[in-house]
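*Asks:* Can you read through this structure? Questions will come right after.
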Amino acid sequence: MKKYFILFFVIFINYSNWAQDTCASALTITTGMHVVTAVNGTQIPTPICAINGTGATAGEWYKYIPTQNYTTTISSNILANTPKIDTRFHVYSGTCSTLTCVGGDDDSGASYSSVGSFTAIAGTTYYIAWDNRWSSAGFTFQLSEGPYIAPIPTPVNYTSQTISTINSSYTICVVDMNGDNKDDIVGVSANNLKIHYQGTGNTFNMTDFPITGTSDMPSWSIAAGDYNRDGFNDLVLGGGNGLTFWKSNNTGTAYSNINPPEYIFCQRTNFIDINNDGHLDAFSCHDVAPNVYYMNNNNGASFTHYQSGVTPGSYSLGVLSSGGNYASLWTDYDNDGDADMFVSKCSGPPCELHRNDGNGIFTDISAIAQINTTPVQSWSSAIADFDNDGDMDILVGSNGNTGHMFFKNNLNTTNTSEEAFTNITIGSGWDLDNNINRDYIAYDFDNNGFIDVMGGGNKIMFNQGNNTFLPANYPNVSLGAVGDLNNDGFLDILNGNTIRTAVPNGNNWIKVTFQGIQSNRNGIGARVEIHGVWGKQIREVRSGEGFEFMSTLNVHFGIGTATAITQIKVIWPSGAVDIITNPNINQTLNVIEGNFPLSASSFNGKEVVIYPNPTSDYLTISNIEHLNINAIHIIDTNGKTIGRITSDFNSIDVSNLSNGIYILSIETKEGKIFAENFIKK
């Protein structure tokens, strides 16, 4: 009995000496599980290394000294925490009197738990501090050591600008909201939309919009797009019980709330023109049931609800009853001009790739493409042409016990068969990355012409141009919504109320913005190519990347040290093609559908000319007999078809039109489109 008493006394004394209320009294830890009884220490972690600013009143401190170089991961996203709670941590180097941020995380794990990694150098003292920004409750965290990955020098650096008025509940959206082609900052709270409109330089003009009625908050995701075609972007908010539309009026001075009654455990939401009728539809992954979409009834005033494989006449877009649909990406993986859909899966069934067959049928070709690898634990994926070979590759991001998977697209455009993707994870750098995250986004952050990836671990994986990636550490930067927030051609990152502004590194660039006429107004679903001495780069216009955030609808290309672009090609969802030859670099280029038409001579060797232009009464079309015309449409600048001609194509009467600019769109029976502007005076 005395023996047990002494043992208990020793344990009690040791435990009481393990104070961690301050940096100076931090408990030294190694790999394994560590229990935080409560976050009530007297020293508040500062500086703030994780996102979401101030607000903590207490902290718990730990000390870690690695014996060799590691990639070290801190996580509260573990089974020991059931249910998981909302945590936040910060990692420092230096001394307690002079702390320097190394890493940290707020919400990368499930249910707002924390997961983050940092490069740990042997013999260096690191301080790990948890704060009570969201909760003071106790929990368990795990420290694990993985292979050391030597970081590269940062190819682009960031400065920080904090704006106190960016204080909405959800500041996860960067997109142009007023049609001036410059990205703005969108904040969502209950009954309030707050937009910081981009001015000149690093300035913003803030406007509050009251929103009446009950709305689902975007606790899981947000997407933006102009679904009512008035020139101002609308929003779809994805919550745990359903989704909500916030729709602009036709002057962008007010927004109304539309709250459909259907239950959806929303995950990723997107705007996409599913049936390619020129009007944006809304799609939502459903975590516990087949996916859901809302078809636009062609006027922007109403939607019709469908559930995949359940509602009669619905498309097959993720119909597994087991759910687990976490993030959707709409991409033209097979280069046939329409939008296919990829779905990342979590905790169960494999990821899915649904081919758009162009006739209202979507076919699940996951097995044929060989991307249906299991096990998989992914909340989102990044899809881009990582090797600049003209087709889209897939990175399946890791958010659990299974690692990243990197698939190369083997598309062969010389045949009509499907080719399998190749798993090239080994040797790509993704096999060595032990970070996990629920969000993965793909952009050319350093403007060198190759698309990089940002995920977990306060780093960017920079594309080396040969299907390999190397990390560069950014201790104060975490994943967020992305856009050009000072209009300098480099992509910036929004972290809470702090803008991480990229410092130009000398690389050249071009930015492309869009106005659809026959296609949806944003050009969502369009394919953009640029050509130059490097060959070809491609991008797609997408609403909703990764898992949670909404990033710019403008398309960015870096071209490194190249000084010229020979051609830009925009392939619109309608099939129209615009060609811009020898554009100036380091500029924003606004493309209106049909303004830079593909010459009709490309169809049959005979040039087709529309004249006179301007005109007051008739348009004449030369060499019209060389085109197998189905119909000619007259379209106004709002995208509305105001005239359709099915015969007598040589001379078209436009005398009854009001003065202004119009699009004459010639549609052939082969499905090709020749479009050109004309002026009625």
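As shown in the structure tokens, the chain order sets the letters A, B, ...; within each chain, residues go from 1, and ligands are also counted from 1 in the order they appear.
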Which polymer residues have any atom within 7 Å of an atom of Thr668 in chain A, counting only C-alpha atoms, with same-chain residues fewer than 5 positions away left out, as a VMD selection string?
*Replies:* chain A and resid 627 to 630 673
*Asks:* Can you write just those residues out, C-alpha atoms, as a PDB file, in the first residue's frame?
*Replies:*
ATOM      1  CA  LEU A 627     -20.919  27.961 -95.330  1.00  0.00           C
ATOM      2  CA  ASN A 628     -23.515  25.295 -94.608  1.00  0.00           C
ATOM      3  CA  ILE A 629     -25.607  27.640 -92.472  1.00  0.00           C
ATOM      4  CA  ASN A 630     -28.204  26.458 -90.012  1.00  0.00           C
ATOM      5  CA  ILE A 673     -19.914  29.368 -84.959  1.00  0.00           C
TER       6      ILE A 673
END
*Asks:* So that I can see what lies close to range 441-456 of chain A, please list as number ranges by chain the residues with an atom at most 8 Å from it, counting only C-alpha atoms and leaving out residues fewer than 5 positions away in the same chain.
*Replies:* A: 108, 115-117, 155-156, 381-388, 397, 435-436, 461-465, 469, 478-479, 490-491, 505, 507-509, 537, 545-546, 556-561
*Asks:* Among the residues of range 328-401 of chain A, find those DSSP assigns to alpha helix (DSSP H) from the backbone and print them as an MDAnalysis selection string.
*Replies:* chainID A and resid 366:369
*Asks:* Mind checking which residues fall within 6 Å of Thr566 in chain A, counting only C-alpha atoms, ignoring those fewer than 6 positions away in the same chain, and posting them as a PyMOL selection string?
*Replies:* chain A and resi 531-532+581-582
*Asks:* As a PDB file with C-alpha atoms, in the first residue's frame, please: the residues near Asp180 in chain A (cut-off 10 Å, only C-alpha atoms, same-chain neighbours under 4 positions excluded).
*Replies:*
ATOM      1  CA  ASP A 176     -15.155  40.793 -59.158  1.00  0.00           C
ATOM      2  CA  ASP A 184     -13.110  42.401 -54.700  1.00  0.00           C
ATOM      3  CA  TYR A 197     -14.552  46.919 -53.752  1.00  0.00           C
ATOM      4  CA  GLN A 198     -11.017  47.200 -55.058  1.00  0.00           C
ATOM      5  CA  GLY A 231     -23.486  42.233 -64.935  1.00  0.00           C
ATOM      6  CA  PHE A 232     -23.162  41.706 -61.173  1.00  0.00           C
ATOM      7  CA  THR A 513     -11.450  38.620 -68.131  1.00  0.00           C
TER       8      THR A 513
END
*Asks:* From the DSSP assignment of the backbone, select every residue of range 110-196 of chain A that is strand (DSSP E), and format the answer as a PyMOL selection string.
*Replies:* chain A and resi 115-120+126-131+139-146+157-162+170-175+184-189+192-196
*Asks:* Which residue gives the smallest distance to Met341 in chain A among A:Ser398, A:Thr646, A:Ser316, A:Gln267, with only C-alpha atoms counted?
*Replies:*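 Selected residue with least distance to Met341 in chain A: A:Ser316.
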*Asks:* Using Å and a single decimal, report how far CA of Asp281 in chain A sits from CA of Phe342 in chain A.
*Replies:*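 Value for the CA of Phe342 in chain A-CA of Asp281 in chain A distance: 16.8 Å.
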*Asks:* Given only C-alpha atoms, how would the per-residue table for range 505-585 of chain A near range 659-667 of chain A read, listing every residue at most 12 Å away with its closest atom pair and distance in Å to one decimal, sorted by chain and number, as JSON lines?
*Replies:*
{"residue": "A:Gly516", "atom": "CA", "partner": "A:Ile663", "partner_atom": "CA", "distance": 11.3}
{"residue": "A:Ile517", "atom": "CA", "partner": "A:Ile663", "partner_atom": "CA", "distance": 8.3}
{"residue": "A:Gln518", "atom": "CA", "partner": "A:Ser665", "partner_atom": "CA", "distance": 9.0}
{"residue": "A:Ser574", "atom": "CA", "partner": "A:Glu667", "partner_atom": "CA", "distance": 10.5}
{"residue": "A:Gly575", "atom": "CA", "partner": "A:Glu667", "partner_atom": "CA", "distance": 9.7}
{"residue": "A:Ala576", "atom": "CA", "partner": "A:Ser665", "partner_atom": "CA", "distance": 8.9}
{"residue": "A:Val577", "atom": "CA", "partner": "A:Ser665", "partner_atom": "CA", "distance": 11.4}
*Asks:* Write to file, as a PDB file, in the first residue's frame, the residues of the selection just made, with all heavy atoms.
*Replies:*
ATOM      1  N   GLY A 516     -19.482  36.741 -71.542  1.00  0.00           N
ATOM      2  CA  GLY A 516     -20.170  35.853 -72.456  1.00  0.00           C
ATOM      3  C   GLY A 516     -21.387  36.515 -73.076  1.00  0.00           C
ATOM      4  O   GLY A 516     -22.062  37.325 -72.430  1.00  0.00           O
ATOM      5  N   ILE A 517     -21.667  36.174 -74.315  1.00  0.00           N
ATOM      6  CA  ILE A 517     -22.855  36.667 -75.008  1.00  0.00           C
ATOM      7  C   ILE A 517     -23.826  35.504 -75.208  1.00  0.00           C
ATOM      8  O   ILE A 517     -24.888  35.469 -74.595  1.00  0.00           O
ATOM      9  CB  ILE A 517     -22.486  37.314 -76.355  1.00  0.00           C
ATOM     10  CG1 ILE A 517     -21.497  38.468 -76.122  1.00  0.00           C
ATOM     11  CG2 ILE A 517     -23.749  37.809 -77.067  1.00  0.00           C
ATOM     12  CD1 ILE A 517     -22.034  39.592 -75.266  1.00  0.00           C
ATOM     13  N   GLN A 518     -23.470  34.535 -76.037  1.00  0.00           N
ATOM     14  CA  GLN A 518     -24.280  33.317 -76.125  1.00  0.00           C
ATOM     15  C   GLN A 518     -24.012  32.405 -74.935  1.00  0.00           C
ATOM     16  O   GLN A 518     -24.915  31.737 -74.436  1.00  0.00           O
ATOM     17  CB  GLN A 518     -23.975  32.585 -77.428  1.00  0.00           C
ATOM     18  CG  GLN A 518     -24.542  33.256 -78.663  1.00  0.00           C
ATOM     19  CD  GLN A 518     -24.242  32.444 -79.908  1.00  0.00           C
ATOM     20  OE1 GLN A 518     -23.121  32.431 -80.408  1.00  0.00           O
ATOM     21  NE2 GLN A 518     -25.242  31.745 -80.405  1.00  0.00           N
ATOM     22  N   SER A 574     -20.300  27.996 -75.683  1.00  0.00           N
ATOM     23  CA  SER A 574     -21.201  27.953 -76.828  1.00  0.00           C
ATOM     24  C   SER A 574     -20.558  27.301 -78.039  1.00  0.00           C
ATOM     25  O   SER A 574     -21.245  26.935 -78.994  1.00  0.00           O
ATOM     26  CB  SER A 574     -21.623  29.377 -77.202  1.00  0.00           C
ATOM     27  OG  SER A 574     -20.506  30.105 -77.704  1.00  0.00           O
ATOM     28  N   GLY A 575     -19.233  27.186 -78.027  1.00  0.00           N
ATOM     29  CA  GLY A 575     -18.497  26.711 -79.193  1.00  0.00           C
ATOM     30  C   GLY A 575     -17.834  27.830 -79.965  1.00  0.00           C
ATOM     31  O   GLY A 575     -16.983  27.583 -80.832  1.00  0.00           O
ATOM     32  N   ALA A 576     -18.221  29.087 -79.686  1.00  0.00           N
ATOM     33  CA  ALA A 576     -17.569  30.219 -80.335  1.00  0.00           C
ATOM     34  C   ALA A 576     -16.102  30.264 -79.927  1.00  0.00           C
ATOM     35  O   ALA A 576     -15.731  29.877 -78.817  1.00  0.00           O
ATOM     36  CB  ALA A 576     -18.263  31.516 -79.954  1.00  0.00           C
ATOM     37  N   VAL A 577     -15.264  30.747 -80.848  1.00  0.00           N
ATOM     38  CA  VAL A 577     -13.827  30.839 -80.601  1.00  0.00           C
ATOM     39  C   VAL A 577     -13.377  32.262 -80.891  1.00  0.00           C
ATOM     40  O   VAL A 577     -13.678  32.825 -81.950  1.00  0.00           O
ATOM     41  CB  VAL A 577     -13.045  29.850 -81.487  1.00  0.00           C
ATOM     42  CG1 VAL A 577     -11.549  29.995 -81.257  1.00  0.00           C
ATOM     43  CG2 VAL A 577     -13.492  28.413 -81.204  1.00  0.00           C
TER      44      VAL A 577
END
*Asks:* Could you name the residues that touch Ser366 in chain A at 10 Å or less, counting only C-alpha atoms, but leaving out those on the same chain fewer than 3 positions away, as a list in words?
*Replies:*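 The contact residues come out as Phe342, Pro350, Cys351, Glu352, Leu353, His354, Arg355, Thr363, Ala369, Gln370, Ile371, Asn372, Thr373, Ala420 and Phe421 of chain A.
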*Asks:* Could the residues in this selection be written to a file with C-alpha atoms, as a PDB file, in the first residue's frame?
*Replies:*
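Final output, selection.pdb:
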ATOM      1  CA  PHE A 342     -14.623  15.208 -60.895  1.00  0.00           C
ATOM      2  CA  PRO A 350     -13.283   6.123 -54.577  1.00  0.00           C
ATOM      3  CA  CYS A 351     -13.158   9.474 -56.359  1.00  0.00           C
ATOM      4  CA  GLU A 352     -15.412   9.804 -59.385  1.00  0.00           C
ATOM      5  CA  LEU A 353     -14.899  11.193 -62.899  1.00  0.00           C
ATOM      6  CA  HIS A 354     -18.104  11.797 -64.858  1.00  0.00           C
ATOM      7  CA  ARG A 355     -17.712  12.312 -68.612  1.00  0.00           C
ATOM      8  CA  THR A 363     -21.055   8.629 -67.690  1.00  0.00           C
ATOM      9  CA  ALA A 369      -9.632   6.411 -66.149  1.00  0.00           C
ATOM     10  CA  GLN A 370      -8.123   4.408 -63.240  1.00  0.00           C
ATOM     11  CA  ILE A 371      -8.536   7.272 -60.796  1.00  0.00           C
ATOM     12  CA  ASN A 372     -10.782   5.128 -58.562  1.00  0.00           C
ATOM     13  CA  THR A 373      -7.908   4.195 -56.242  1.00  0.00           C
ATOM     14  CA  ALA A 420      -6.272   5.759 -68.388  1.00  0.00           C
ATOM     15  CA  PHE A 421      -4.545   8.339 -66.246  1.00  0.00           C
TER      16      PHE A 421
END
*Asks:* Which residues are near Gly360 in chain A? Cut-off 10 Å, only C-alpha atoms, ignore same chain within fewer than 3 positions. Put them as a VMD selection string.
*Replies:* chain A and resid 274 to 276 313 to 316 356 to 357
*Asks:* Go ahead and write the selection's residues with C-alpha atoms as a PDB file, in the first residue's frame.
*Replies:*
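Contents of again_8.pdb, freshly written:
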ATOM      1  CA  ILE A 274     -24.693  22.051 -66.846  1.00  0.00           C
ATOM      2  CA  ASN A 275     -26.921  21.906 -69.930  1.00  0.00           C
ATOM      3  CA  ASN A 276     -24.970  24.583 -71.830  1.00  0.00           C
ATOM      4  CA  GLY A 313     -34.961  13.128 -65.584  1.00  0.00           C
ATOM      5  CA  SER A 314     -31.938  14.040 -63.472  1.00  0.00           C
ATOM      6  CA  TYR A 315     -28.344  13.722 -64.620  1.00  0.00           C
ATOM      7  CA  SER A 316     -26.127  11.045 -63.109  1.00  0.00           C
ATOM      8  CA  ASN A 356     -20.115  14.737 -70.257  1.00  0.00           C
ATOM      9  CA  ASP A 357     -21.296  12.958 -73.406  1.00  0.00           C
TER      10      ASP A 357
END
*Asks:* When you look at Gly104 in chain A with a cut-off of 8 Å (counting only C-alpha atoms), what residues show up, excluding the ones that are within fewer than 4 positions of it in the same chain? I need them as a list in words.
*Replies:* Cys49, Ala50, Arg88, Phe89, His90, Val91, Gly116, Ser117, Gly457, Asn458 and Pro475 of chain A
